[in-house]
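Q: input-v5.cif is the file, holding mmCIF, C-alpha atoms and all ligand atoms:
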data_run
loop_
_atom_site.label_atom_id
_atom_site.label_comp_id
_atom_site.auth_asym_id
_atom_site.auth_seq_id
_atom_site.Cartn_x
_atom_site.Cartn_y
_atom_site.Cartn_z
CA MET T 1 35.31 81.91 221.81
CA LEU T 2 38.31 80.82 219.80
CA LYS T 3 39.36 83.16 217.00
CA LEU T 4 41.46 82.00 214.06
CA PHE T 5 43.34 84.50 211.93
CA TYR T 6 43.72 83.08 208.44
CA THR T 7 44.69 84.01 204.91
CA PRO T 8 43.40 82.13 201.86
CA GLY T 9 45.98 79.95 200.10
CA THR T 10 48.23 79.63 203.13
CA CYS T 11 49.14 77.11 205.81
CA SER T 12 46.34 78.53 208.00
CA LEU T 13 44.00 76.24 206.05
CA ALA T 14 45.20 73.26 208.13
CA SER T 15 44.21 74.85 211.45
CA HIS T 16 40.95 76.06 209.97
CA ILE T 17 40.01 72.55 208.83
CA ALA T 18 41.05 71.04 212.16
CA LEU T 19 38.77 73.45 214.05
CA GLU T 20 35.92 72.55 211.74
CA GLU T 21 36.58 68.79 212.06
CA ALA T 22 36.67 69.21 215.85
CA GLY T 23 33.23 70.79 215.86
CA ALA T 24 34.76 73.78 217.66
CA SER T 25 32.92 77.00 218.15
CA TYR T 26 35.23 79.62 216.61
CA GLU T 27 35.35 82.83 214.66
CA ALA T 28 37.48 83.09 211.52
CA GLN T 29 39.09 86.46 210.82
CA ARG T 30 40.72 87.04 207.44
CA VAL T 31 44.12 88.74 207.22
CA ASP T 32 44.54 90.30 203.80
CA PHE T 33 48.14 89.92 202.57
CA SER T 34 47.39 92.08 199.51
CA LYS T 35 46.86 94.98 201.94
CA ALA T 36 49.89 93.86 204.02
CA GLU T 37 47.54 93.51 207.01
CA GLN T 38 49.90 90.97 208.57
CA THR T 39 52.45 93.78 209.08
CA LYS T 40 50.03 96.30 210.63
CA PRO T 41 50.20 97.10 214.36
CA GLU T 42 46.68 95.71 214.94
CA TYR T 43 47.77 92.28 213.72
CA LEU T 44 51.26 92.39 215.22
CA ALA T 45 49.53 92.89 218.57
CA VAL T 46 47.88 89.49 217.97
CA ASN T 47 50.91 87.71 216.49
CA PRO T 48 54.22 89.59 216.63
CA LYS T 49 55.59 87.20 213.99
CA GLY T 50 53.30 88.86 211.42
CA ARG T 51 52.21 85.50 210.09
CA VAL T 52 49.13 83.33 209.94
CA PRO T 53 47.78 81.20 211.45
CA ALA T 54 47.20 82.64 214.90
CA LEU T 55 44.61 81.21 217.25
CA VAL T 56 43.32 83.41 220.04
CA THR T 57 42.18 81.41 223.04
CA ASP T 58 40.90 82.49 226.45
CA ARG T 59 44.42 81.80 227.80
CA GLY T 60 46.38 83.67 225.14
CA THR T 61 47.34 83.46 221.50
CA LEU T 62 48.95 80.47 219.83
CA SER T 63 50.99 80.51 216.65
CA GLU T 64 52.83 77.78 214.69
CA THR T 65 50.65 75.25 212.93
CA PRO T 66 51.80 72.09 214.79
CA ALA T 67 51.10 73.76 218.16
CA ILE T 68 47.67 74.97 217.06
CA LEU T 69 46.78 71.56 215.65
CA ALA T 70 47.86 69.79 218.85
CA TYR T 71 45.90 72.31 220.93
CA VAL T 72 42.74 71.70 218.88
CA ALA T 73 43.13 67.92 219.11
CA GLN T 74 43.66 68.03 222.88
CA SER T 75 40.90 70.55 223.52
CA PHE T 76 38.28 68.54 221.64
CA PRO T 77 39.09 64.93 222.61
CA ASP T 78 35.69 63.64 221.48
CA ALA T 79 36.65 64.44 217.88
CA ARG T 80 39.57 61.97 218.18
CA LEU T 81 41.97 64.00 216.05
CA ALA T 82 45.13 62.67 217.75
CA PRO T 83 46.21 59.65 219.79
CA VAL T 84 46.82 61.85 222.84
CA ALA T 85 46.83 59.01 225.38
CA ASP T 86 49.59 57.04 223.64
CA PRO T 87 53.01 58.70 224.09
CA PHE T 88 54.64 56.88 221.20
CA GLU T 89 51.81 57.39 218.72
CA PHE T 90 51.44 61.04 219.75
CA ALA T 91 55.18 61.56 219.25
CA ARG T 92 54.97 59.85 215.86
CA LEU T 93 52.19 62.28 214.90
CA GLN T 94 54.23 65.27 216.12
CA SER T 95 57.16 64.01 214.10
CA PHE T 96 55.02 64.11 210.94
CA LEU T 97 53.75 67.62 211.78
CA SER T 98 57.29 68.82 212.49
CA TYR T 99 58.55 67.54 209.16
CA LEU T 100 55.77 69.34 207.30
CA CYS T 101 56.46 72.55 209.23
CA SER T 102 60.24 72.61 209.42
CA THR T 103 61.16 71.09 206.07
CA VAL T 104 58.33 70.96 203.54
CA HIS T 105 56.80 74.35 204.32
CA VAL T 106 60.23 75.95 204.38
CA ALA T 107 61.08 74.41 200.98
CA HIS T 108 57.87 75.99 199.64
CA ALA T 109 58.50 79.34 201.34
CA HIS T 110 61.79 79.84 199.51
CA ALA T 111 59.75 80.64 196.41
CA ARG T 112 58.31 83.67 198.15
CA ARG T 113 59.20 86.73 200.18
CA ALA T 114 62.64 87.35 198.67
CA ALA T 115 63.81 89.79 201.28
CA ARG T 116 63.38 87.29 204.07
CA TRP T 117 65.38 84.51 202.48
CA ALA T 118 68.08 86.12 200.38
CA ASP T 119 70.00 89.40 200.36
CA ASP T 120 69.99 90.02 196.65
CA PRO T 121 67.69 89.22 193.70
CA ALA T 122 70.14 86.78 192.07
CA ALA T 123 70.43 84.77 195.27
CA HIS T 124 66.66 84.67 195.56
CA GLU T 125 66.29 83.52 191.96
CA ALA T 126 68.73 80.69 192.71
CA MET T 127 66.60 79.69 195.73
CA LYS T 128 63.39 79.83 193.71
CA ALA T 129 64.94 77.62 191.04
CA LYS T 130 65.46 74.90 193.63
CA VAL T 131 61.86 74.89 194.89
CA PRO T 132 60.44 72.27 192.47
CA LYS T 133 63.23 69.78 193.23
CA ASN T 134 63.17 70.44 196.97
CA MET T 135 59.39 70.03 197.13
CA ALA T 136 59.52 66.90 194.94
CA ASP T 137 62.23 65.42 197.20
CA CYS T 138 60.09 66.05 200.30
CA PHE T 139 57.02 64.51 198.71
CA ALA T 140 59.01 61.53 197.44
CA LEU T 141 59.95 60.82 201.05
CA ILE T 142 56.37 61.22 202.27
CA GLU T 143 54.98 59.08 199.44
CA GLY T 144 57.69 56.45 199.76
CA THR T 145 58.18 55.99 203.47
CA MET T 146 56.05 58.21 205.72
CA PHE T 147 52.59 57.81 204.22
CA THR T 148 51.01 54.42 204.73
CA GLY T 149 47.41 55.50 204.02
CA PRO T 150 44.56 55.80 203.75
CA PHE T 151 45.23 58.67 206.18
CA ALA T 152 48.52 60.45 206.82
CA MET T 153 49.24 58.38 209.95
CA GLY T 154 47.66 55.14 208.77
CA GLU T 155 44.19 53.86 209.47
CA THR T 156 42.85 56.82 211.46
CA TYR T 157 42.18 60.45 210.58
CA THR T 158 44.36 62.83 212.60
CA ILE T 159 45.47 66.47 212.59
CA ALA T 160 48.24 65.42 210.17
CA ASP T 161 45.60 65.03 207.45
CA PRO T 162 44.48 68.65 207.08
CA TYR T 163 48.16 69.70 207.25
CA LEU T 164 49.23 67.26 204.54
CA PHE T 165 46.20 68.26 202.44
CA THR T 166 47.13 71.95 202.78
CA ILE T 167 50.78 71.54 201.81
CA ALA T 168 50.06 69.03 199.02
CA GLY T 169 47.74 71.69 197.59
CA TRP T 170 50.81 73.81 196.80
CA LEU T 171 52.51 71.27 194.54
CA GLU T 172 51.31 72.57 191.17
CA GLY T 173 52.11 76.17 192.16
CA ASP T 174 55.59 75.03 193.15
CA GLY T 175 56.19 73.47 189.73
CA VAL T 176 55.65 69.86 190.80
CA ASP T 177 53.31 67.46 189.00
CA PRO T 178 51.32 65.72 191.78
CA ALA T 179 50.73 62.74 189.48
CA GLN T 180 54.26 61.65 190.47
CA PHE T 181 52.85 60.94 193.91
CA PRO T 182 49.72 58.85 193.40
CA LYS T 183 49.17 58.11 197.10
CA ILE T 184 49.40 61.78 198.05
CA LEU T 185 47.17 62.76 195.14
CA ALA T 186 44.53 60.20 196.14
CA HIS T 187 44.73 61.45 199.74
CA ARG T 188 44.29 65.04 198.55
CA ASN T 189 41.20 64.07 196.55
CA ARG T 190 39.73 62.12 199.47
CA MET T 191 40.32 65.01 201.86
CA ALA T 192 38.62 67.43 199.46
CA GLU T 193 35.45 65.33 199.72
CA ARG T 194 35.17 65.75 203.48
CA PRO T 195 32.26 68.00 204.50
CA ALA T 196 34.44 69.96 206.97
CA VAL T 197 36.92 70.74 204.20
CA ALA T 198 34.16 71.85 201.83
CA ARG T 199 32.73 74.16 204.52
CA VAL T 200 36.10 75.77 205.18
CA LEU T 201 36.95 76.16 201.48
CA GLU T 202 33.61 77.90 200.94
CA VAL T 203 34.55 80.44 203.63
CA VAL T 204 38.15 81.07 202.54
CA ARG T 205 37.24 81.30 198.84
CA ALA T 206 34.32 83.70 199.44
N1 LIG N 1 55.94 77.92 210.95
C1 LIG N 1 54.74 78.73 210.79
C2 LIG N 1 54.79 79.35 209.42
C3 LIG N 1 53.77 80.42 209.30
C4 LIG N 1 53.90 81.11 207.95
O1 LIG N 1 54.96 81.18 207.33
N2 LIG N 1 52.78 81.63 207.48
C5 LIG N 1 52.78 82.30 206.20
C6 LIG N 1 51.61 81.80 205.36
S1 LIG N 1 51.76 80.08 204.98
C7 LIG N 1 52.62 83.79 206.43
O2 LIG N 1 51.88 84.21 207.28
N3 LIG N 1 53.31 84.60 205.66
C8 LIG N 1 53.18 86.03 205.75
C9 LIG N 1 54.46 86.68 205.55
O3 LIG N 1 55.47 85.98 205.48
O4 LIG N 1 54.46 87.90 205.44
C10 LIG N 1 53.51 77.84 210.95
O5 LIG N 1 53.64 76.66 210.77
O6 LIG N 1 52.44 78.34 211.32
#
Reformat the file's structure so that it appears as structure tokens.
A:
Amino acid sequence: MLKLFYTPGTCSLASHIALEEAGASYEAQRVDFSKAEQTKPEYLAVNPKGRVPALVTDRGTLSETPAILAYVAQSFPDARLAPVADPFEFARLQSFLSYLCSTVHVAHAHARRAARWADDPAAHEAMKAKVPKNMADCFALIEGTMFTGPFAMGETYTIADPYLFTIAGWLEGDGVDPAQFPKILAHRNRMAERPAVARVLEVVRA
């Protein structure tokens, strides 16, 4: 059975929701950051990066959200979570996932884990100060050009939706008023109404 390692409040929420939307049979195992479990040998044996999410499959462990999302979509084709048969549309979806992972998530991450991003406290403070503007810039681009709605990729629900929902959930904590982005805010509210999302949130908030 698939096993997802997750931590509440993190990007692992996207993979968790995708598994639930896919109707996958999986086990969810919490990694407690407050006990630094992600740095313990037991977890590093699962994911040497010391990060969540990690998805254990019968062929090995996957990390990196876009890869896990694509794996879920391709493993459960009946759930229709990605246009896997259309090279252009699938590439367009991967482009959206890559932007969220490589740019938006990284803009958010600069607010955290000082030692990883900057050598001294002053440099880290300077990075943190830029987080609201960097996040707002990313979401302005998504709202203005990338997001056509009602779903992230247009008319059809895909694996980009739980990922966008997850990252848009960080806006307030990153000092950004989501009301600036009405399309993203409406998407976030719609996603929160999905039964799969409610089931996952009940687990991660327990
Ligand atoms: N590019 C990775 C990022 C993974 C990542 O940064 N995960 C964070 C939570 S959102 C984490 O595990 N942080 C723990 C740490 O940095 O110690 C992905 O998309 O999965």
Q: Kindly provide, as a PDB file with C-alpha atoms, in the frame of the given file, all nucleotide and amino acid residues lying within 6 Å of ligand LIG 1 (chain N), counting only C-alpha atoms and all ligand atoms.
A:
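Writing done, so here's selection25.pdb:
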ATOM      1  CA  THR T  10      48.230  79.630 203.130  1.00  0.00           C
ATOM      2  CA  CYS T  11      49.140  77.110 205.810  1.00  0.00           C
ATOM      3  CA  ARG T  51      52.210  85.500 210.090  1.00  0.00           C
ATOM      4  CA  VAL T  52      49.130  83.330 209.940  1.00  0.00           C
ATOM      5  CA  PRO T  53      47.780  81.200 211.450  1.00  0.00           C
ATOM      6  CA  SER T  63      50.990  80.510 216.650  1.00  0.00           C
ATOM      7  CA  GLU T  64      52.830  77.780 214.690  1.00  0.00           C
ATOM      8  CA  THR T  65      50.650  75.250 212.930  1.00  0.00           C
ATOM      9  CA  CYS T 101      56.460  72.550 209.230  1.00  0.00           C
TER      10      CYS T 101
END
Q: Could you name the residues that touch stretch 79-89 of chain T at 8 Å or less, counting all atoms listed in the file, but leaving out those on the same chain fewer than 2 positions away, as JSON, numbers by chain?
A: {"T": [21, 22, 23, 70, 73, 74, 76, 77, 91, 92, 93, 157, 158, 159]}
Q: Kindly provide, as JSON, the centre and edge lengths (Å, one decimal) of an axis-aligned box around all atoms of stretch 144-147 of chain T given in the file, with 4 Å on each side.
A:
{"center_x": 55.4, "center_y": 57.1, "center_z": 202.7, "size_x": 13.6, "size_y": 10.2, "size_z": 14.0}
Q: May I ask which of the residues T:Pro150, T:Lys130, T:Ala160, T:Lys183 is the closest one to T:Phe90, counting only C-alpha atoms?
A: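 Closest candidate: T:Ala160.
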Q: To one decimal place in Å, what is the distance between atom CA of T:Leu69 and atom CA of T:Ile142?
A: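 Rounded to one decimal, the two atoms are 19.4 Å apart.
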Q: Point out the residue among T:Gly144, T:Pro132, T:Pro162, T:Pro48 with the least atom-to-atom distance to T:Ser12, counting all atoms listed in the file.
A: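 Looking at the shortest contact to T:Ser12, the residue is T:Pro162.
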Q: List every protein, DNA or RNA residue that has at least one atom no more than 12 Å from (60.5, 66.0, 194.9) in the file's coordinates, counting only C-alpha atoms, and write the result as an MDAnalysis selection string.
A: chainID T and resid 104 107:108 130:144 168 171:172 174:181
Q: Find the distance between atom CA of T:Thr57 and atom CA of T:Lys3 and write it in Å to one decimal.
A: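 Separation of atom CA of T:Thr57 and atom CA of T:Lys3: 6.9 Å.
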Q: Can you pull out the residues contacting T:Arg194? Cut-off 10 Å, using all atoms listed in the file, and skip same-chain residues under 5 positions away; I want them as an MDAnalysis selection string.
A: chainID T and resid 17 21 189 199
Q: Enter the distance from atom CA of T:Ile167 to atom CA of T:Pro41, in Å, rounded to one decimal.
A: 28.5 Å
Q: Leaving out T:Asp32 and any residue of its chain fewer than 4 positions from it, which residues lie within 9 Å of it when counting all atoms listed in the file, given as a compact mmCIF listing (two decimals) with C-alpha atoms, in the frame of the given file?
A:
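Below is the file that was written, part.txt:
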# COMPACT_ATOMS: atom_id res chain seq x y z
CA TYR T 6 43.72 83.08 208.44
CA THR T 7 44.69 84.01 204.91
CA PRO T 8 43.40 82.13 201.86
CA ALA T 36 49.89 93.86 204.02
CA GLU T 37 47.54 93.51 207.01
CA GLN T 38 49.90 90.97 208.57
Q: Report as a ChimeraX atom specification all protein, DNA and RNA residues lying within 8 Å of T:Leu4, evaluated on only C-alpha atoms, omitting residues in the same chain fewer than 2 positions from it.
A: /T:2,6,16,26-29,53-56
Q: With distances taken over all atoms listed in the file, which residue among T:Met1, T:Ala126, T:Val204, T:Val46 lies nearest T:Ala111?
A: T:Ala126
Q: Identify, on the basis of all atoms listed in the file, every residue whose closest approach to T:Met191 does not exceed 8 Å; exclude the query and any residue fewer than 4 positions from it along the same chain; express the result as a PyMOL selection string.
A: chain T and resi 161-162+165+187+197
Q: Smallest atom-to-atom distance to T:Leu164: which of T:Ser34, T:Thr145, T:Ser75, T:Ser15, using only C-alpha atoms?
A: T:Ser15
Q: Go through T:Asp78, T:Thr39, T:Asp120, T:His105 one by one, measure the shortest atom-to-atom distance of each to T:Gly169 using only C-alpha atoms, and give the residue with the smallest value.
A: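 Counting only C-alpha atoms, the residue closest to T:Gly169 is T:His105.
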